[in-house]
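Peer 1: Structure file run-v2.txt (compact mmCIF, C-alpha atoms and all ligand atoms) is given on the next line.
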```txt
# COMPACT_ATOMS: atom_id res chain seq x y z
CA MET A 1 -10.79 -8.25 -5.45
CA ARG A 2 -14.21 -9.81 -5.83
CA ASP A 3 -13.00 -12.78 -3.78
CA LEU A 4 -11.82 -10.38 -1.14
CA PHE A 5 -15.26 -8.81 -0.80
CA ARG A 6 -16.74 -12.29 -0.76
CA LYS A 7 -14.40 -13.22 2.06
CA PHE A 8 -15.24 -10.06 4.01
CA PRO A 9 -18.81 -9.20 2.95
CA ASP A 10 -19.43 -7.02 6.00
CA ASP A 11 -17.92 -5.64 9.18
CA ALA A 12 -19.17 -8.52 11.35
CA THR A 13 -17.40 -11.14 9.21
CA ALA A 14 -14.22 -9.11 9.16
CA GLU A 15 -14.38 -8.54 12.91
CA ALA A 16 -14.76 -12.27 13.56
CA TRP A 17 -11.79 -12.96 11.27
CA ILE A 18 -9.61 -10.42 13.09
CA ALA A 19 -10.73 -11.76 16.49
CA GLY A 20 -9.86 -15.31 15.42
CA ILE A 21 -6.33 -14.24 14.54
CA ARG A 22 -5.81 -12.08 17.59
CA TRP A 23 -7.26 -14.61 20.02
CA PRO A 24 -6.91 -18.10 18.51
CA ASP A 25 -7.77 -19.64 21.91
CA GLY A 26 -10.71 -17.32 22.61
CA PRO A 27 -10.93 -13.70 23.72
CA GLU A 28 -8.60 -12.38 26.37
CA CYS A 29 -8.98 -9.20 28.39
CA PRO A 30 -6.43 -6.63 27.16
CA ARG A 31 -6.17 -5.14 30.67
CA CYS A 32 -5.76 -8.13 32.97
CA GLY A 33 -5.26 -11.05 30.60
CA CYS A 34 -8.29 -12.89 31.99
CA THR A 35 -9.84 -15.38 29.60
CA ASN A 36 -13.18 -15.50 31.38
CA VAL A 37 -14.89 -13.15 28.97
CA GLN A 38 -18.51 -12.40 28.21
CA HIS A 39 -19.36 -12.13 24.51
CA PRO A 40 -21.48 -10.58 23.13
CA THR A 41 -22.50 -7.71 25.39
CA ALA A 42 -25.24 -5.12 25.09
CA HIS A 43 -22.56 -2.52 24.35
CA LYS A 44 -22.64 -1.44 20.71
CA THR A 45 -18.92 -1.09 19.99
CA MET A 46 -17.46 -3.05 22.93
CA PRO A 47 -18.86 -6.55 22.44
CA TYR A 48 -16.58 -8.20 25.03
CA ARG A 49 -16.54 -7.84 28.78
CA CYS A 50 -13.94 -9.16 31.16
CA ARG A 51 -15.38 -11.22 33.99
CA GLY A 52 -12.13 -11.00 35.93
CA LYS A 53 -12.57 -9.95 39.53
CA GLY A 54 -12.20 -6.20 39.93
CA CYS A 55 -11.68 -5.63 36.19
CA TRP A 56 -15.03 -5.92 34.38
CA ARG A 57 -13.62 -4.03 31.47
CA PHE A 58 -15.60 -3.73 28.24
CA PHE A 59 -13.43 -4.11 25.17
CA SER A 60 -13.37 -4.80 21.47
CA VAL A 61 -10.85 -6.52 19.23
CA ARG A 62 -9.54 -3.03 18.37
CA VAL A 63 -8.36 -2.23 21.89
CA GLY A 64 -4.59 -2.16 22.15
CA THR A 65 -4.03 -2.45 18.39
CA VAL A 66 -3.36 -0.03 15.55
CA MET A 67 -7.12 -0.03 14.98
CA GLN A 68 -7.95 1.43 18.38
CA ASP A 69 -8.38 5.09 17.42
CA SER A 70 -9.49 4.48 13.86
CA LYS A 71 -12.92 5.22 12.47
CA LEU A 72 -12.46 2.68 9.69
CA GLY A 73 -14.79 -0.27 9.79
CA TYR A 74 -13.55 -3.84 10.30
CA GLN A 75 -14.17 -4.67 6.66
CA GLU A 76 -11.87 -1.86 5.55
CA TRP A 77 -9.21 -2.96 8.03
CA ALA A 78 -9.43 -6.57 6.96
CA ILE A 79 -9.06 -5.67 3.30
CA GLY A 80 -6.17 -3.37 4.15
CA PHE A 81 -4.40 -6.12 6.13
CA TYR A 82 -5.05 -8.60 3.38
CA LEU A 83 -3.61 -6.40 0.62
CA HIS A 84 -0.65 -5.40 2.78
CA ASN A 85 0.29 -8.99 3.45
CA THR A 86 -0.70 -10.36 0.14
CA SER A 87 1.56 -12.71 -1.72
CA GLY A 88 3.21 -11.91 -5.05
CA PRO A 89 0.73 -13.77 -7.29
CA THR A 90 -2.25 -12.09 -5.60
CA LEU A 91 -0.72 -8.64 -5.80
CA ARG A 92 0.33 -9.12 -9.42
CA GLY A 93 -3.13 -10.43 -10.29
CA PHE A 94 -4.65 -7.40 -8.61
CA VAL A 95 -2.38 -5.01 -10.50
CA GLN A 96 -3.07 -6.75 -13.80
CA ASP A 97 -6.83 -6.78 -13.22
CA ARG A 98 -6.73 -3.05 -12.58
CA SER A 99 -4.49 -1.88 -15.40
CA ALA A 100 -5.10 -1.62 -19.12
CA ASP A 101 -3.57 -4.32 -21.32
CA GLY A 102 -0.03 -3.37 -22.19
CA ALA A 103 0.09 -0.52 -19.67
CA MET A 104 3.53 0.09 -18.22
CA VAL A 105 3.51 -0.34 -14.46
CA TYR A 106 6.01 1.59 -12.39
CA SER A 107 6.58 0.53 -8.83
CA ASP A 108 9.09 0.42 -6.08
CA ASP A 109 11.18 -2.73 -5.76
CA HIS A 110 8.90 -4.66 -3.43
CA ARG A 111 9.57 -8.26 -4.44
CA ALA A 112 5.88 -9.08 -4.80
CA TYR A 113 5.79 -6.96 -7.97
CA ARG A 114 8.47 -9.04 -9.68
CA GLY A 115 7.23 -10.85 -12.76
CA LEU A 116 4.75 -8.25 -13.99
CA PRO A 117 4.93 -8.18 -17.81
CA HIS A 118 5.40 -4.46 -18.42
CA HIS A 119 7.16 -3.25 -15.39
CA GLU A 120 9.93 -0.94 -14.33
CA THR A 121 11.12 -0.27 -10.83
CA VAL A 122 13.13 2.13 -8.81
CA ARG A 123 15.06 0.62 -5.95
CA HIS A 124 14.24 2.65 -2.89
CA SER A 125 16.18 0.09 -0.89
CA VAL A 126 19.41 1.31 -2.47
CA ALA A 127 18.30 4.96 -2.45
CA GLU A 128 17.53 5.01 -6.18
CA TYR A 129 14.59 7.31 -6.70
CA VAL A 130 14.65 8.10 -10.40
CA ASN A 131 15.37 5.56 -13.14
CA GLY A 132 14.38 7.01 -16.52
CA GLN A 133 10.59 6.99 -16.72
CA ALA A 134 10.38 4.87 -13.60
CA HIS A 135 10.10 7.19 -10.68
CA MET A 136 7.68 7.66 -7.88
CA ASN A 137 7.30 11.43 -7.98
CA GLY A 138 4.32 11.40 -10.33
CA ILE A 139 2.28 8.82 -8.46
CA GLU A 140 3.27 10.23 -5.10
CA SER A 141 1.94 13.65 -6.04
CA PHE A 142 -1.22 11.91 -7.27
CA TRP A 143 -1.61 10.06 -3.96
CA ALA A 144 -0.98 13.27 -2.08
CA GLY A 145 -3.85 14.92 -4.02
CA LEU A 146 -6.15 11.97 -3.38
CA LYS A 147 -5.31 11.98 0.33
CA ARG A 148 -5.91 15.73 0.55
CA ALA A 149 -9.31 15.26 -1.06
CA TYR A 150 -10.07 12.40 1.31
CA HIS A 151 -9.19 14.33 4.46
CA GLY A 152 -10.42 17.73 3.33
CA THR A 153 -13.47 17.00 1.18
CA PHE A 154 -14.77 13.44 1.05
CA HIS A 155 -14.16 12.43 4.70
CA HIS A 156 -15.61 9.02 4.04
CA VAL A 157 -15.03 6.95 0.93
CA SER A 158 -17.21 3.90 0.42
CA ALA A 159 -15.61 0.87 -1.19
CA GLU A 160 -18.50 0.75 -3.63
CA HIS A 161 -17.74 4.20 -5.09
CA LEU A 162 -13.99 4.16 -4.53
CA ASP A 163 -13.30 4.12 -8.25
CA ARG A 164 -15.31 7.32 -8.65
CA TYR A 165 -13.31 9.14 -6.00
CA VAL A 166 -10.11 7.92 -7.64
CA CYS A 167 -11.48 9.07 -11.02
CA GLU A 168 -12.14 12.51 -9.69
CA ALA A 169 -8.64 12.73 -8.27
CA ALA A 170 -7.26 11.41 -11.58
CA GLY A 171 -9.24 14.05 -13.48
CA ARG A 172 -7.78 16.77 -11.28
CA HIS A 173 -4.32 15.31 -11.55
CA ASN A 174 -4.48 15.07 -15.35
CA ARG A 175 -5.54 18.71 -15.58
CA ARG A 176 -3.21 20.04 -12.92
CA GLY A 177 -1.13 21.95 -15.49
CA LEU A 178 -4.11 23.94 -16.78
CA ASP A 179 -4.95 27.38 -15.44
CA THR A 180 -8.27 27.93 -13.71
CA LEU A 181 -10.10 29.23 -16.75
CA ALA A 182 -8.92 26.38 -18.97
CA MET A 183 -9.92 23.93 -16.25
CA MET A 184 -13.38 25.52 -16.05
CA GLU A 185 -13.74 25.35 -19.82
CA ARG A 186 -12.91 21.64 -19.71
CA MET A 187 -15.46 21.10 -16.98
CA VAL A 188 -18.20 22.95 -18.83
CA ALA A 189 -17.40 21.09 -22.06
CA GLY A 190 -17.50 17.86 -20.09
CA MET A 191 -20.90 18.66 -18.58
CA VAL A 192 -22.73 18.97 -21.87
CA GLY A 193 -25.15 16.12 -22.33
CA ARG A 194 -24.37 14.74 -18.88
CA HIS A 195 -26.95 14.60 -16.24
CA LEU A 196 -26.38 12.29 -13.34
CA PRO A 197 -29.51 11.62 -11.34
CA TYR A 198 -28.88 10.08 -7.95
CA ALA A 199 -30.60 6.87 -9.05
CA ASP A 200 -28.01 6.49 -11.82
CA LEU A 201 -25.14 7.28 -9.50
CA ILE A 202 -26.05 4.51 -7.15
CA ALA A 203 -26.89 2.16 -10.02
CA ASP A 204 -23.74 0.32 -10.93
CA GLY A 205 -23.03 -0.48 -14.51
CA PRO A 206 -20.63 -0.17 -17.41
CA HIS A 207 -22.21 3.06 -18.65
CA ALA A 208 -21.72 4.77 -15.33
CA ARG A 209 -18.09 3.59 -15.23
CA LYS A 210 -17.44 4.74 -18.78
CA ARG A 211 -18.92 8.16 -18.12
CA ASP A 212 -16.85 8.60 -14.97
CA ALA A 213 -13.70 7.62 -16.82
CA GLU A 214 -14.46 10.04 -19.67
CA LEU A 215 -15.07 12.86 -17.22
CA ALA A 216 -11.73 12.14 -15.61
CA GLY A 217 -9.91 12.14 -18.95
CA ILE A 218 -8.86 8.51 -18.62
CA PRO A 219 -8.28 6.75 -21.94
CA PRO A 220 -10.89 4.23 -23.14
CA GLY A 221 -10.14 0.65 -22.22
CA HIS A 222 -8.66 1.58 -18.86
CA PRO A 223 -10.48 -0.45 -16.20
CA PHE A 224 -11.12 2.59 -13.99
ZN ZN A 301 -9.84 -7.87 32.69
```
In structure tokens, what does this structure look like?
Ligand SMILES: [Zn+2]

Peer 2:
Amino acid sequence: MRDLFRKFPDDATAEAWIAGIRWPDGPECPRCGCTNVQHPTAHKTMPYRCRGKGCWRFFSVRVGTVMQDSKLGYQEWAIGFYLHNTSGPTLRGFVQDRSADGAMVYSDDHRAYRGLPHHETVRHSVAEYVNGQAHMNGIESFWAGLKRAYHGTFHHVSAEHLDRYVCEAAGRHNRRGLDTLAMMERMVAGMVGRHLPYADLIADGPHARKRDAELAGIPPGHPF
């Protein structure tokens, strides 16, 4: 993951990487196909302009792709593409980096997961959805909660604090069976002795991570 952020340290780097893949022979107008293109332009989000006669269209590398109507930055897209297309060893390394030693990992039967040490799968490809402990219902309800929070509450999630948003969702998920009063009692109990000044929030460090994990009810040793 660290290598990934090193590869795409900012939006400009990610944008150049995407442009290089989309247009290996140089930029091409998405409207008329003209390769006589001005770059950069004075336009903030449309850094290319077609010089084709009668076209003159401003465009970006997003135009005509899945990214066109997205508010996500190029860095987020690049990381998303990378993880989506990642090879087995990278994906397994990522999963192992992010899970506690000995933790059982449940996944679907995507072949890139094969070879994880503690691993069970359900085979969606043959319509198997529950296999003992290995089923997707738990994590899918967790993701649904996280997505609801993202769309309804957070709106924007920075990569830097992503673990905190996930922690909050995990805390909610782990307490989902409690009634409101019990949940409030847990929150109040959890607040005692905890004061989070903004300076500490933005300061990264093991103490901040540990506190967030404790607040979310995640067992010690878990890398979140
Ligand atoms: Zn054009």

Peer 1: Select from chain A every residue with an atom at most 12 Å from any atom of ligand ZN 301 (chain A), then for each give the shortest pair of atoms and their distance in Å to one decimal, using all atoms listed in the file, rows by chain and rising number, as JSON lines.

Peer 2:
```
{"residue": "A:Pro27", "atom": "CA", "partner": "A:ZN301", "partner_atom": "ZN", "distance": 10.8}
{"residue": "A:Glu28", "atom": "CA", "partner": "A:ZN301", "partner_atom": "ZN", "distance": 7.9}
{"residue": "A:Cys29", "atom": "CA", "partner": "A:ZN301", "partner_atom": "ZN", "distance": 4.6}
{"residue": "A:Pro30", "atom": "CA", "partner": "A:ZN301", "partner_atom": "ZN", "distance": 6.6}
{"residue": "A:Arg31", "atom": "CA", "partner": "A:ZN301", "partner_atom": "ZN", "distance": 5.0}
{"residue": "A:Cys32", "atom": "CA", "partner": "A:ZN301", "partner_atom": "ZN", "distance": 4.1}
{"residue": "A:Gly33", "atom": "CA", "partner": "A:ZN301", "partner_atom": "ZN", "distance": 6.0}
{"residue": "A:Cys34", "atom": "CA", "partner": "A:ZN301", "partner_atom": "ZN", "distance": 5.3}
{"residue": "A:Thr35", "atom": "CA", "partner": "A:ZN301", "partner_atom": "ZN", "distance": 8.1}
{"residue": "A:Asn36", "atom": "CA", "partner": "A:ZN301", "partner_atom": "ZN", "distance": 8.4}
{"residue": "A:Val37", "atom": "CA", "partner": "A:ZN301", "partner_atom": "ZN", "distance": 8.2}
{"residue": "A:Gln38", "atom": "CA", "partner": "A:ZN301", "partner_atom": "ZN", "distance": 10.8}
{"residue": "A:Tyr48", "atom": "CA", "partner": "A:ZN301", "partner_atom": "ZN", "distance": 10.2}
{"residue": "A:Arg49", "atom": "CA", "partner": "A:ZN301", "partner_atom": "ZN", "distance": 7.8}
{"residue": "A:Cys50", "atom": "CA", "partner": "A:ZN301", "partner_atom": "ZN", "distance": 4.6}
{"residue": "A:Arg51", "atom": "CA", "partner": "A:ZN301", "partner_atom": "ZN", "distance": 6.6}
{"residue": "A:Gly52", "atom": "CA", "partner": "A:ZN301", "partner_atom": "ZN", "distance": 5.1}
{"residue": "A:Lys53", "atom": "CA", "partner": "A:ZN301", "partner_atom": "ZN", "distance": 7.7}
{"residue": "A:Gly54", "atom": "CA", "partner": "A:ZN301", "partner_atom": "ZN", "distance": 7.8}
{"residue": "A:Cys55", "atom": "CA", "partner": "A:ZN301", "partner_atom": "ZN", "distance": 4.5}
{"residue": "A:Trp56", "atom": "CA", "partner": "A:ZN301", "partner_atom": "ZN", "distance": 5.8}
{"residue": "A:Arg57", "atom": "CA", "partner": "A:ZN301", "partner_atom": "ZN", "distance": 5.5}
{"residue": "A:Phe58", "atom": "CA", "partner": "A:ZN301", "partner_atom": "ZN", "distance": 8.4}
{"residue": "A:Phe59", "atom": "CA", "partner": "A:ZN301", "partner_atom": "ZN", "distance": 9.1}
```

Peer 1: Suppose you want the space between CA of His151 in chain A and CA of Phe81 in chain A; what is it in Å?

Peer 2: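 CA of Phe81 in chain A lies at a distance of 21.1 Å from CA of His151 in chain A.
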
Peer 1: Just the residues within 6 Å of range 109-121 of chain A, please, counting only C-alpha atoms, with nothing from its chain fewer than 3 positions along; format it as a PyMOL selection string.

Peer 2: chain A and resi 88+104-106+134

Peer 1: May I ask for the distance between CA of Gly177 in chain A and CA of Ala213 in chain A, given in Å to one decimal place?

Peer 2: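 Atom-to-atom, CA of Gly177 in chain A to CA of Ala213 in chain A, that is 19.1 Å.
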
Peer 1: So that I can see what lies close to Arg2 in chain A, please list as a count of residues only the residues with an atom at most 12 Å from it, counting only C-alpha atoms and leaving out residues fewer than 6 positions away in the same chain.

Peer 2: 8

Peer 1: For CA of Lys7 in chain A and CA of Gln75 in chain A, determine how far apart the two atoms are, in Å to one decimal place.

Peer 2: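 One can read the CA of Lys7 in chain A to CA of Gln75 in chain A distance as 9.7 Å.
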
Peer 1: Any idea what's packed within 10 Å of Asp10 in chain A, counting only C-alpha atoms, ignoring anything in its chain fewer than 3 positions away? Could you give it as a list in words?

Peer 2: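 My reading of the contact set: Phe5, Arg6, Lys7, Thr13, Ala14, Glu15, Gly73, Tyr74, Gln75 and Glu76 of chain A.
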